[in-house]
Amino acid sequence: MHICLPQSGCIARDVHDRDAVAWLRPMLRALALAAGLLALGGCAVLKEFAPRVEAEPLGPGEYIALKRSDILTTDELSPATQATLRVAGLDEGACLAPPTPDCVAALAAAQGFGDERRLAALAELWTQQAIALTPEGSVPAADAQIDAWLEAARHAYAYLFFSERAPGERAFEDRQTQVRDYYNYAVQQAASGLFQRWQDQAGHGAGTTTGPGDALSIAGWTITSDMSGVRMPEGVVLPRELVPASSISFAGLRSIYRRDGFGAEVVAVMGDDPVTTAAAAPSRAVEDRDDDRDDRQDRRRAGRSRPFSEMPSPTLTLLIRFPGEDLAGVLATRELLISAHDPYVDDAIELHGLHVPLSANYSAGYGLWLARSGFNRQSLQTLFGREEGITRPHLYMMQPYDPDRRILLMIHGLASSPEAWVNVANEVLGDEVLRREFQIWQVYYPTNMPLVLNQSAIRRIIVAAMENFDPDGRARASRETVLIGHSMGGVLSRLLVSSADDQLWTWMRENYELDDGRLERAGPRLDRMLRFEPLPGVDRAVFIASPHRGTAVAGNGLGRFLGRLVRLPLTVLEEVGELFVGDDDGSEPVALPNSIDNLGQDDPFVRAAADLPISPRVRYHSIIARTDPDVPLEQSDDGLVPYSSAHLPGALSEKVITGGHSVQETPQAILEIRRILHRDIGERPPRP
C-alpha cells in the first residue's frame, strides 16, 4: 500500500505490519476530518474560526439608500441606527420593531460610544415609536402619541445643540440632516396634536388655558406657547386649524417653493374666506338650521363691510424648545415652549449661541387657499349673474400687511379670479429677491360689471386699504407699487394709471340720452366714476394680452350670444340706477352695457378709454401673445385679442410670445415678469 501525502511524498508500509497500521490510524482520522470541513466550506463551524468577508458592487441608488434611508423614507431604521444597536449588543429583532421602553432605556444606558451617536439613534427610535402609535392620516391627540412625538423632538434637539460637536461641524453629514428631519417632523406632528387638544379643552371649558402664552398640561408635559413672532389678521387670536405643509399635495402649482432649515412648516387657517363664505351664505341658509342663520348673516355683513382681507391661510414655521443649559437638563425636563415664526419676516433665529436658519414654505398656504376657495366655479356664476357670485370687488393680501415691502398688485381678466395668477404669484414668492422686495395683493372683482364701474370700485378699495394700514402715507408699501393686469384686467389697470377730465363725460353725453334731471340727481356719484387721476403710488405697470382697443370677438356671433347671457349685479342699480331706469314721467329706461359689450372693438367706451393719457411717471411694459408666428405681427392675434389692440406705443418693453390668450401662465411670460421686476429693483436705491 502506498500512502501519498501533500508535500511529503509517498510512504510504503507493509499492510500486515500492525505497528504501521496503528501509526497511520490517527493520521487517517485527521485527513477525514479535514476533508469534511473543506466540503462544508461555509458552515457555522468554519465561521467560528474564520468569518468570511465578501465584496459586492453597489449601484448609485443602492449606495445613496445605504447612506440616507431611514424610518421617514423607507419605514425601516437607518443603517446608522441599526449599526448603533449592534454595537450596543442589544437584541436587534426586538428593537427593529416599534421600540419598547426597555429597548430605548437600554440604548440610553449603553456604553462604548458617544452621546452624539446615541442621541441620533434614540431620536429615530422615538420617531419609529410615534409613527407606530399614530394611525395614518390622523392627528396624534392621545397622550401616548403626543408623548412619543415630543420625545423624538427632544432627543433630536439634544443631538443638534448639546452633543459633542456643534451643528456647523457636521454641516456636510447626512446623519445631521436625518436628525434635523426627525425634529421637524416630530414638531409638526406634536404641534398638530397639541393644537387639537387645546381646541378640545377650550371648547369644553376644560384645562388651564384661556389663550396663547398660558400653560397647558398634556401627557405629563407643561406646555406654553409664544405667538408674538406672527402678526395675526385683525380680530384673530389663534388659528382655527393647523395643516402640516408636508401633508398637502397640489395639482396646478408648477413648483413648490420652500427653504430648508430648522422647524416645522404648517399652514395656519385663520377662518372662512370673507368673500366666498358671504356669497355662499344665501343658498346654504335653506339647508342649515335656523339657529345658524344669524351667524351666517353676520359673516355676509362682515364680508361686505370690509373690502380687503389678509391671507386667510398663511404658512408659519413652528419650533419646540426645551429648557436646559446642558444635555442632562434637556433630557430631564418635562417642559417645552412652542413658538410661531413668520417665514417672510424671520429667516433665522439665535438659539443656544448659534445662528440657526429656519425652514419655510412659501407655496403651501397660497395653494391651500386657492384649492379651498371655489373661485373657478364662482367666477363663472358671477359673470352670468347667478346665485353665489360676487357683486363687489375685494382685495386679497397674500400675507399680513408689511409696511416695508412694496406692493405687487394683480388684476385678473374676464370670467376669471385670483386663480389666474397661481403660477405667476407662486414664482414671485419663490424668488428670494422678489419675495424680500414685494408683497402680493390681488383684486377679485365681478367681471360682469361695466368697466367704468369696476375701475371706480377697484380704485376705492385700494385707496381704502392703503388708508387703513398707512393713514399717513409714509410707509414704503404706499409708494412704488407695480401693477400687473391680464386681459380685461389689463384694460382696468390702464384706467387706474390714467387720468380723465372731461373725456368720459363727453362719452356719456354722446352715447346716452340722459335728461338734465337724471344727470343732476346722479351728478356727484357719476363724477367720481368719470373723472379721476392716476392711482397714487403706482409707478410701473405690466399689461398682458390686454385689449386696450377692444376685440372683434366680443362683437361676433358668439360674443353677442355670451353677452346676452351676462346679467348685471344689483350693485349697478345702487351705483347708477337712477340714471338708467325709467322716470315717472314715462321716459324709457336706458340699456347699460355689460363687460363683454365693453370689450367690443366698436364699443364707444373702450374707444374713449384707449385715448386717456397714461401718467408720465408710470413706466409700462407689454406682454403680447400670438397663436401663429408665421402670420405678420401686425396682423396676428392670440385667439381673442389682436396685436393691434394689445400694442401700446411708449412701452419700455414689448415681449411677444407664441401662445394663446392665457399667456400669463406660460414660463416665458413669467420669466419676463420676473425680469421686469428685477430691473425695477435694480433701478432704485438699495434698501437700508
# chains A, B, ... in the order shown; residues from 1 in each chain; ligands from 1
$ select_by_dssp --residues "range 310-384 of chain A" --states "strand (DSSP E or B)" --output "count of residues only"
26
$ residues_around --residues "Pro233 in chain A" --least-positions-apart "5" --cutoff "8 Å" --atoms "only C-alpha atoms" --output "list in words"
Met270, Glu310 and Pro400 of chain A
$ residues_around --residues "range 326-340 of chain A" --least-positions-apart "4" --cutoff "6 Å" --atoms "only C-alpha atoms" --output "list in words"
Phe162, Trp221, Thr222, Ile223, Thr224, Ser225, Asp226, Met227, Gly229, Thr317, Leu318, Leu319, Ile320, Arg321 and Phe322 of chain A
$ residues_around --residues "range 141-149 of chain A" --least-positions-apart "4" --cutoff "10 Å" --atoms "only C-alpha atoms" --output "ChimeraX atom specification"
/A:123,125-135,153-154,182-183,185-198,200,218-221
$ write_last_selection --atoms "N, CA, C and O atoms" --output "compact mmCIF listing (two decimals), in the first residue's frame"
# COMPACT_ATOMS: atom_id res chain seq x y z
N ALA A 123 -33.42 59.41 18.75
CA ALA A 123 -34.38 60.26 18.04
C ALA A 123 -35.12 59.46 16.97
O ALA A 123 -36.34 59.60 16.80
N LEU A 125 -35.49 56.08 16.95
CA LEU A 125 -36.32 55.07 17.60
C LEU A 125 -37.62 55.66 18.13
O LEU A 125 -38.69 55.06 18.01
N TRP A 126 -37.55 56.87 18.72
CA TRP A 126 -38.78 57.51 19.20
C TRP A 126 -39.68 57.90 18.03
O TRP A 126 -40.91 57.84 18.13
N THR A 127 -39.08 58.32 16.91
CA THR A 127 -39.88 58.63 15.72
C THR A 127 -40.59 57.38 15.22
O THR A 127 -41.77 57.42 14.84
N GLN A 128 -39.87 56.24 15.23
CA GLN A 128 -40.49 54.97 14.84
C GLN A 128 -41.65 54.62 15.77
O GLN A 128 -42.72 54.20 15.32
N GLN A 129 -41.43 54.81 17.07
CA GLN A 129 -42.49 54.52 18.03
C GLN A 129 -43.70 55.41 17.80
O GLN A 129 -44.85 54.95 17.82
N ALA A 130 -43.46 56.71 17.57
CA ALA A 130 -44.57 57.65 17.37
C ALA A 130 -45.35 57.33 16.10
O ALA A 130 -46.59 57.40 16.09
N ILE A 131 -44.65 56.95 15.04
CA ILE A 131 -45.33 56.59 13.79
C ILE A 131 -46.21 55.36 14.01
O ILE A 131 -47.35 55.29 13.53
N ALA A 132 -45.69 54.38 14.76
CA ALA A 132 -46.45 53.17 15.01
C ALA A 132 -47.70 53.44 15.85
O ALA A 132 -48.72 52.78 15.69
N LEU A 133 -47.63 54.43 16.74
CA LEU A 133 -48.77 54.74 17.61
C LEU A 133 -49.82 55.60 16.93
O LEU A 133 -50.96 55.66 17.39
N THR A 134 -49.44 56.30 15.85
CA THR A 134 -50.34 57.27 15.21
C THR A 134 -50.92 56.69 13.93
O THR A 134 -50.19 56.48 12.97
N PRO A 135 -52.20 56.41 13.87
CA PRO A 135 -52.79 55.89 12.63
C PRO A 135 -52.55 56.86 11.47
O PRO A 135 -52.59 58.07 11.63
N ALA A 153 -38.75 64.70 19.28
CA ALA A 153 -38.27 66.07 19.10
C ALA A 153 -37.20 66.41 20.12
O ALA A 153 -36.19 67.05 19.81
N ARG A 154 -37.38 65.98 21.38
CA ARG A 154 -36.42 66.32 22.42
C ARG A 154 -35.06 65.68 22.14
O ARG A 154 -34.03 66.34 22.28
N TYR A 182 -36.04 64.44 11.68
CA TYR A 182 -36.81 63.84 12.78
C TYR A 182 -37.39 64.95 13.65
O TYR A 182 -38.55 64.88 14.07
N TYR A 183 -36.58 65.95 13.94
CA TYR A 183 -37.06 67.06 14.77
C TYR A 183 -38.21 67.80 14.07
O TYR A 183 -39.27 68.01 14.65
N TYR A 185 -40.24 66.92 11.66
CA TYR A 185 -41.46 66.13 11.51
C TYR A 185 -42.14 65.91 12.85
O TYR A 185 -43.38 65.96 12.96
N ALA A 186 -41.34 65.67 13.88
CA ALA A 186 -41.92 65.46 15.21
C ALA A 186 -42.61 66.73 15.71
O ALA A 186 -43.69 66.67 16.32
N VAL A 187 -42.01 67.90 15.46
CA VAL A 187 -42.64 69.16 15.87
C VAL A 187 -43.94 69.37 15.12
O VAL A 187 -44.96 69.78 15.69
N GLN A 188 -43.93 69.06 13.84
CA GLN A 188 -45.16 69.19 13.03
C GLN A 188 -46.27 68.33 13.61
O GLN A 188 -47.40 68.78 13.80
N GLN A 189 -45.96 67.07 13.90
CA GLN A 189 -46.98 66.16 14.41
C GLN A 189 -47.42 66.52 15.83
O GLN A 189 -48.61 66.55 16.14
N ALA A 190 -46.45 66.82 16.69
CA ALA A 190 -46.79 67.16 18.07
C ALA A 190 -47.61 68.44 18.13
O ALA A 190 -48.58 68.53 18.89
N ALA A 191 -47.22 69.44 17.35
CA ALA A 191 -47.95 70.71 17.37
C ALA A 191 -49.38 70.52 16.89
O ALA A 191 -50.32 71.11 17.43
N SER A 192 -49.58 69.67 15.86
CA SER A 192 -50.94 69.41 15.39
C SER A 192 -51.78 68.77 16.48
O SER A 192 -52.94 69.14 16.70
N GLY A 193 -51.19 67.79 17.19
CA GLY A 193 -51.91 67.14 18.26
C GLY A 193 -52.19 68.06 19.44
O GLY A 193 -53.30 68.06 20.00
N LEU A 194 -51.20 68.86 19.82
CA LEU A 194 -51.39 69.79 20.94
C LEU A 194 -52.43 70.84 20.60
O LEU A 194 -53.25 71.23 21.45
N PHE A 195 -52.43 71.30 19.35
CA PHE A 195 -53.42 72.29 18.94
C PHE A 195 -54.82 71.68 19.00
O PHE A 195 -55.78 72.34 19.43
N GLN A 196 -54.95 70.42 18.57
CA GLN A 196 -56.25 69.75 18.64
C GLN A 196 -56.71 69.61 20.08
O GLN A 196 -57.88 69.86 20.41
N ARG A 197 -55.78 69.26 20.97
CA ARG A 197 -56.14 69.13 22.38
C ARG A 197 -56.52 70.48 22.97
O ARG A 197 -57.46 70.59 23.77
N TRP A 198 -55.79 71.53 22.60
CA TRP A 198 -56.11 72.87 23.10
C TRP A 198 -57.53 73.27 22.66
O TRP A 198 -58.31 73.78 23.45
N ASP A 200 -59.99 71.23 21.88
CA ASP A 200 -60.97 70.41 22.58
C ASP A 200 -61.20 70.92 24.00
O ASP A 200 -62.34 71.01 24.46
N ILE A 218 -50.40 68.49 29.23
CA ILE A 218 -50.84 67.39 28.38
C ILE A 218 -49.78 66.31 28.41
O ILE A 218 -48.59 66.60 28.24
N ALA A 219 -50.21 65.07 28.60
CA ALA A 219 -49.32 63.90 28.53
C ALA A 219 -48.12 64.03 29.45
O ALA A 219 -47.03 63.55 29.13
N GLY A 220 -48.30 64.69 30.59
CA GLY A 220 -47.20 64.84 31.53
C GLY A 220 -46.24 65.97 31.20
O GLY A 220 -45.22 66.13 31.88
N TRP A 221 -46.54 66.74 30.18
CA TRP A 221 -45.69 67.86 29.78
C TRP A 221 -46.40 69.16 30.14
O TRP A 221 -47.62 69.27 30.03
$ residues_around --residues "Leu160 in chain A" --least-positions-apart "3" --cutoff "9 Å" --atoms "only C-alpha atoms" --output "MDAnalysis selection string"
chainID A and resid 116 120 155:157 163 165:167 176 179:180
$ write_last_selection --atoms "all heavy atoms" --output "short mmCIF file (atom, residue, chain, number, x, y, z; two decimals), in the first residue's frame"
data_model
loop_
_atom_site.label_atom_id
_atom_site.label_comp_id
_atom_site.auth_asym_id
_atom_site.auth_seq_id
_atom_site.Cartn_x
_atom_site.Cartn_y
_atom_site.Cartn_z
N GLU A 116 -23.43 61.72 20.82
CA GLU A 116 -23.93 62.10 19.50
C GLU A 116 -24.56 60.92 18.79
O GLU A 116 -25.67 61.01 18.26
CB GLU A 116 -22.77 62.67 18.69
CG GLU A 116 -23.18 63.26 17.36
CD GLU A 116 -22.01 63.93 16.66
OE1 GLU A 116 -21.53 64.97 17.15
OE2 GLU A 116 -21.57 63.38 15.62
N ALA A 120 -28.77 60.42 18.24
CA ALA A 120 -29.30 60.29 16.88
C ALA A 120 -30.14 59.02 16.76
O ALA A 120 -31.24 59.03 16.18
CB ALA A 120 -28.17 60.28 15.87
N HIS A 155 -35.02 64.39 21.78
CA HIS A 155 -33.73 63.74 21.55
C HIS A 155 -33.04 64.30 20.30
O HIS A 155 -31.81 64.42 20.27
CB HIS A 155 -33.92 62.22 21.45
CG HIS A 155 -34.14 61.57 22.78
ND1 HIS A 155 -35.38 61.53 23.40
CD2 HIS A 155 -33.27 60.98 23.64
CE1 HIS A 155 -35.27 60.91 24.56
NE2 HIS A 155 -34.00 60.57 24.74
N ALA A 156 -33.83 64.65 19.28
CA ALA A 156 -33.23 65.30 18.11
C ALA A 156 -32.69 66.68 18.49
O ALA A 156 -31.60 67.07 18.05
CB ALA A 156 -34.26 65.42 17.00
N TYR A 157 -33.43 67.42 19.29
CA TYR A 157 -33.00 68.74 19.77
C TYR A 157 -31.70 68.62 20.57
O TYR A 157 -30.76 69.41 20.39
CB TYR A 157 -34.12 69.31 20.63
CG TYR A 157 -33.96 70.75 21.09
CD1 TYR A 157 -34.42 71.79 20.30
CD2 TYR A 157 -33.40 71.04 22.33
CE1 TYR A 157 -34.31 73.11 20.74
CE2 TYR A 157 -33.28 72.35 22.77
CZ TYR A 157 -33.74 73.38 21.97
OH TYR A 157 -33.64 74.68 22.41
N SER A 163 -24.81 67.82 21.90
CA SER A 163 -23.87 66.70 21.78
C SER A 163 -22.46 67.25 21.58
O SER A 163 -22.23 68.45 21.65
CB SER A 163 -24.29 65.78 20.63
OG SER A 163 -24.45 66.51 19.43
N ARG A 165 -20.33 67.81 19.16
CA ARG A 165 -19.98 68.79 18.13
C ARG A 165 -21.15 69.73 17.86
O ARG A 165 -22.31 69.36 17.99
CB ARG A 165 -19.60 68.06 16.83
CG ARG A 165 -18.34 67.23 16.92
CD ARG A 165 -18.01 66.60 15.59
NE ARG A 165 -19.02 65.63 15.18
CZ ARG A 165 -19.13 65.14 13.94
NH1 ARG A 165 -18.31 65.57 12.99
NH2 ARG A 165 -20.06 64.24 13.65
N ALA A 166 -20.81 70.95 17.46
CA ALA A 166 -21.83 71.93 17.09
C ALA A 166 -22.37 71.59 15.70
O ALA A 166 -21.70 70.91 14.91
CB ALA A 166 -21.24 73.33 17.10
N PRO A 167 -23.59 72.06 15.37
CA PRO A 167 -24.15 71.74 14.05
C PRO A 167 -23.24 72.13 12.89
O PRO A 167 -23.18 71.42 11.88
CB PRO A 167 -25.46 72.54 14.03
CG PRO A 167 -25.85 72.65 15.47
CD PRO A 167 -24.56 72.77 16.22
N GLN A 176 -26.76 64.34 10.27
CA GLN A 176 -27.35 65.54 10.86
C GLN A 176 -28.62 65.93 10.11
O GLN A 176 -29.62 66.35 10.73
CB GLN A 176 -26.37 66.69 10.86
CG GLN A 176 -26.99 67.99 11.36
CD GLN A 176 -25.96 69.01 11.80
OE1 GLN A 176 -25.47 68.98 12.91
NE2 GLN A 176 -25.64 69.93 10.90
N VAL A 179 -31.42 63.70 11.38
CA VAL A 179 -31.89 64.03 12.72
C VAL A 179 -32.67 65.35 12.70
O VAL A 179 -33.67 65.51 13.39
CB VAL A 179 -30.72 64.09 13.71
CG1 VAL A 179 -31.21 64.49 15.10
CG2 VAL A 179 -30.02 62.74 13.78
N ARG A 180 -32.22 66.30 11.88
CA ARG A 180 -33.00 67.54 11.74
C ARG A 180 -34.39 67.24 11.21
O ARG A 180 -35.38 67.83 11.66
CB ARG A 180 -32.28 68.50 10.80
CG ARG A 180 -33.00 69.85 10.62
CD ARG A 180 -32.71 70.44 9.25
NE ARG A 180 -33.20 69.60 8.17
CZ ARG A 180 -32.87 69.75 6.90
NH1 ARG A 180 -32.01 70.68 6.55
NH2 ARG A 180 -33.37 68.95 5.97
#
$ residues_around --residues "Gln455 in chain A" --least-positions-apart "3" --cutoff "9 Å" --atoms "only C-alpha atoms" --output "mmCIF file with all heavy atoms, in the first residue's frame"
data_model
loop_
_atom_site.group_PDB
_atom_site.id
_atom_site.type_symbol
_atom_site.label_atom_id
_atom_site.label_comp_id
_atom_site.auth_asym_id
_atom_site.auth_seq_id
_atom_site.Cartn_x
_atom_site.Cartn_y
_atom_site.Cartn_z
ATOM 1 N N PRO A 450 -69.863 96.767 -15.914
ATOM 2 C CA PRO A 450 -69.251 97.673 -16.889
ATOM 3 C C PRO A 450 -67.882 98.144 -16.403
ATOM 4 O O PRO A 450 -67.655 98.314 -15.199
ATOM 5 C CB PRO A 450 -70.240 98.839 -16.963
ATOM 6 C CG PRO A 450 -71.539 98.288 -16.461
ATOM 7 C CD PRO A 450 -71.184 97.254 -15.446
ATOM 8 N N LEU A 451 -66.972 98.359 -17.329
ATOM 9 C CA LEU A 451 -65.609 98.743 -16.972
ATOM 10 C C LEU A 451 -65.570 100.031 -16.164
ATOM 11 O O LEU A 451 -64.768 100.168 -15.227
ATOM 12 C CB LEU A 451 -64.766 98.897 -18.244
ATOM 13 C CG LEU A 451 -64.473 97.611 -19.024
ATOM 14 C CD1 LEU A 451 -63.723 97.945 -20.313
ATOM 15 C CD2 LEU A 451 -63.672 96.640 -18.192
ATOM 16 N N VAL A 452 -66.408 100.982 -16.498
ATOM 17 C CA VAL A 452 -66.353 102.274 -15.821
ATOM 18 C C VAL A 452 -66.718 102.130 -14.343
ATOM 19 O O VAL A 452 -66.178 102.838 -13.486
ATOM 20 C CB VAL A 452 -67.271 103.296 -16.533
ATOM 21 C CG1 VAL A 452 -68.740 102.919 -16.380
ATOM 22 C CG2 VAL A 452 -67.005 104.706 -16.033
ATOM 23 N N ILE A 458 -62.706 99.391 -7.865
ATOM 24 C CA ILE A 458 -61.373 98.862 -7.555
ATOM 25 C C ILE A 458 -60.484 99.972 -7.009
ATOM 26 O O ILE A 458 -59.737 99.780 -6.045
ATOM 27 C CB ILE A 458 -60.759 98.212 -8.808
ATOM 28 C CG1 ILE A 458 -61.525 96.933 -9.166
ATOM 29 C CG2 ILE A 458 -59.278 97.918 -8.602
ATOM 30 C CD1 ILE A 458 -61.139 96.330 -10.494
ATOM 31 N N ARG A 459 -60.564 101.128 -7.608
ATOM 32 C CA ARG A 459 -59.778 102.269 -7.134
ATOM 33 C C ARG A 459 -60.116 102.563 -5.668
ATOM 34 O O ARG A 459 -59.232 102.815 -4.850
ATOM 35 C CB ARG A 459 -60.079 103.476 -8.023
ATOM 36 C CG ARG A 459 -59.235 104.698 -7.761
ATOM 37 C CD ARG A 459 -59.735 105.851 -8.628
ATOM 38 N NE ARG A 459 -59.643 105.540 -10.055
ATOM 39 C CZ ARG A 459 -58.567 105.804 -10.800
ATOM 40 N NH1 ARG A 459 -57.516 106.383 -10.244
ATOM 41 N NH2 ARG A 459 -58.563 105.511 -12.083
ATOM 42 N N ARG A 460 -61.406 102.533 -5.332
ATOM 43 C CA ARG A 460 -61.822 102.859 -3.969
ATOM 44 C C ARG A 460 -61.300 101.852 -2.947
ATOM 45 O O ARG A 460 -60.873 102.226 -1.859
ATOM 46 C CB ARG A 460 -63.347 102.953 -3.882
ATOM 47 C CG ARG A 460 -63.940 104.148 -4.603
ATOM 48 C CD ARG A 460 -65.344 104.462 -4.110
ATOM 49 N NE ARG A 460 -66.265 103.350 -4.250
ATOM 50 C CZ ARG A 460 -66.970 103.099 -5.350
ATOM 51 N NH1 ARG A 460 -66.846 103.889 -6.409
ATOM 52 N NH2 ARG A 460 -67.811 102.078 -5.400
ATOM 53 N N LEU A 492 -58.461 97.512 -17.214
ATOM 54 C CA LEU A 492 -58.734 98.191 -15.946
ATOM 55 C C LEU A 492 -57.458 98.777 -15.350
ATOM 56 O O LEU A 492 -57.468 99.882 -14.796
ATOM 57 C CB LEU A 492 -59.383 97.210 -14.959
ATOM 58 C CG LEU A 492 -60.815 96.789 -15.290
ATOM 59 C CD1 LEU A 492 -61.245 95.597 -14.442
ATOM 60 C CD2 LEU A 492 -61.772 97.954 -15.084
ATOM 61 N N SER A 493 -56.360 98.046 -15.468
ATOM 62 C CA SER A 493 -55.088 98.552 -14.951
ATOM 63 C C SER A 493 -54.673 99.822 -15.676
ATOM 64 O O SER A 493 -54.160 100.773 -15.062
ATOM 65 C CB SER A 493 -53.992 97.480 -15.107
ATOM 66 O OG SER A 493 -54.303 96.337 -14.348
ATOM 67 N N LEU A 495 -56.676 101.995 -16.990
ATOM 68 C CA LEU A 495 -57.523 103.071 -16.475
ATOM 69 C C LEU A 495 -57.020 103.561 -15.117
ATOM 70 O O LEU A 495 -57.083 104.760 -14.818
ATOM 71 C CB LEU A 495 -58.966 102.590 -16.353
ATOM 72 C CG LEU A 495 -59.717 102.383 -17.673
ATOM 73 C CD1 LEU A 495 -61.046 101.683 -17.419
ATOM 74 C CD2 LEU A 495 -59.942 103.714 -18.384
ATOM 75 N N LEU A 496 -56.512 102.651 -14.285
ATOM 76 C CA LEU A 496 -56.055 103.027 -12.944
ATOM 77 C C LEU A 496 -54.816 103.906 -12.980
ATOM 78 O O LEU A 496 -54.555 104.653 -12.024
ATOM 79 C CB LEU A 496 -55.776 101.773 -12.109
ATOM 80 C CG LEU A 496 -57.002 100.947 -11.721
ATOM 81 C CD1 LEU A 496 -56.576 99.673 -11.013
ATOM 82 C CD2 LEU A 496 -57.956 101.750 -10.835
ATOM 83 N N MET A 529 -66.923 108.455 -10.953
ATOM 84 C CA MET A 529 -66.589 107.376 -11.880
ATOM 85 C C MET A 529 -65.961 107.885 -13.171
ATOM 86 O O MET A 529 -65.146 107.196 -13.785
ATOM 87 C CB MET A 529 -67.851 106.577 -12.210
ATOM 88 C CG MET A 529 -68.372 105.753 -11.049
ATOM 89 S SD MET A 529 -69.802 104.781 -11.517
ATOM 90 C CE MET A 529 -71.057 106.047 -11.554
#
$ residues_around --residues "Ala457 in chain A" --least-positions-apart "2" --cutoff "12 Å" --atoms "only C-alpha atoms" --output "NGL selection string"
:A and (307 or 391-395 or 443-446 or 449-455 or 459-464 or 492 or 496 or 525 or 528-530 or 571-572 or 575)
$ select_by_dssp --residues "range 578-682 of chain A" --states "alpha helix (DSSP H)" --output "VMD selection string"
chain A and resid 578 to 580 595 to 598 604 to 610 643 to 646 667 to 682
$ closest_residue --among "A:Ser417, A:Ser69, A:Ser379, A:Thr84" --to "Gly485 in chain A" --atoms "only C-alpha atoms"
A:Ser417
$ atom_distance --atom1 "CA of Ile624 in chain A" --atom2 "CA of Leu671 in chain A"
13.7 Å
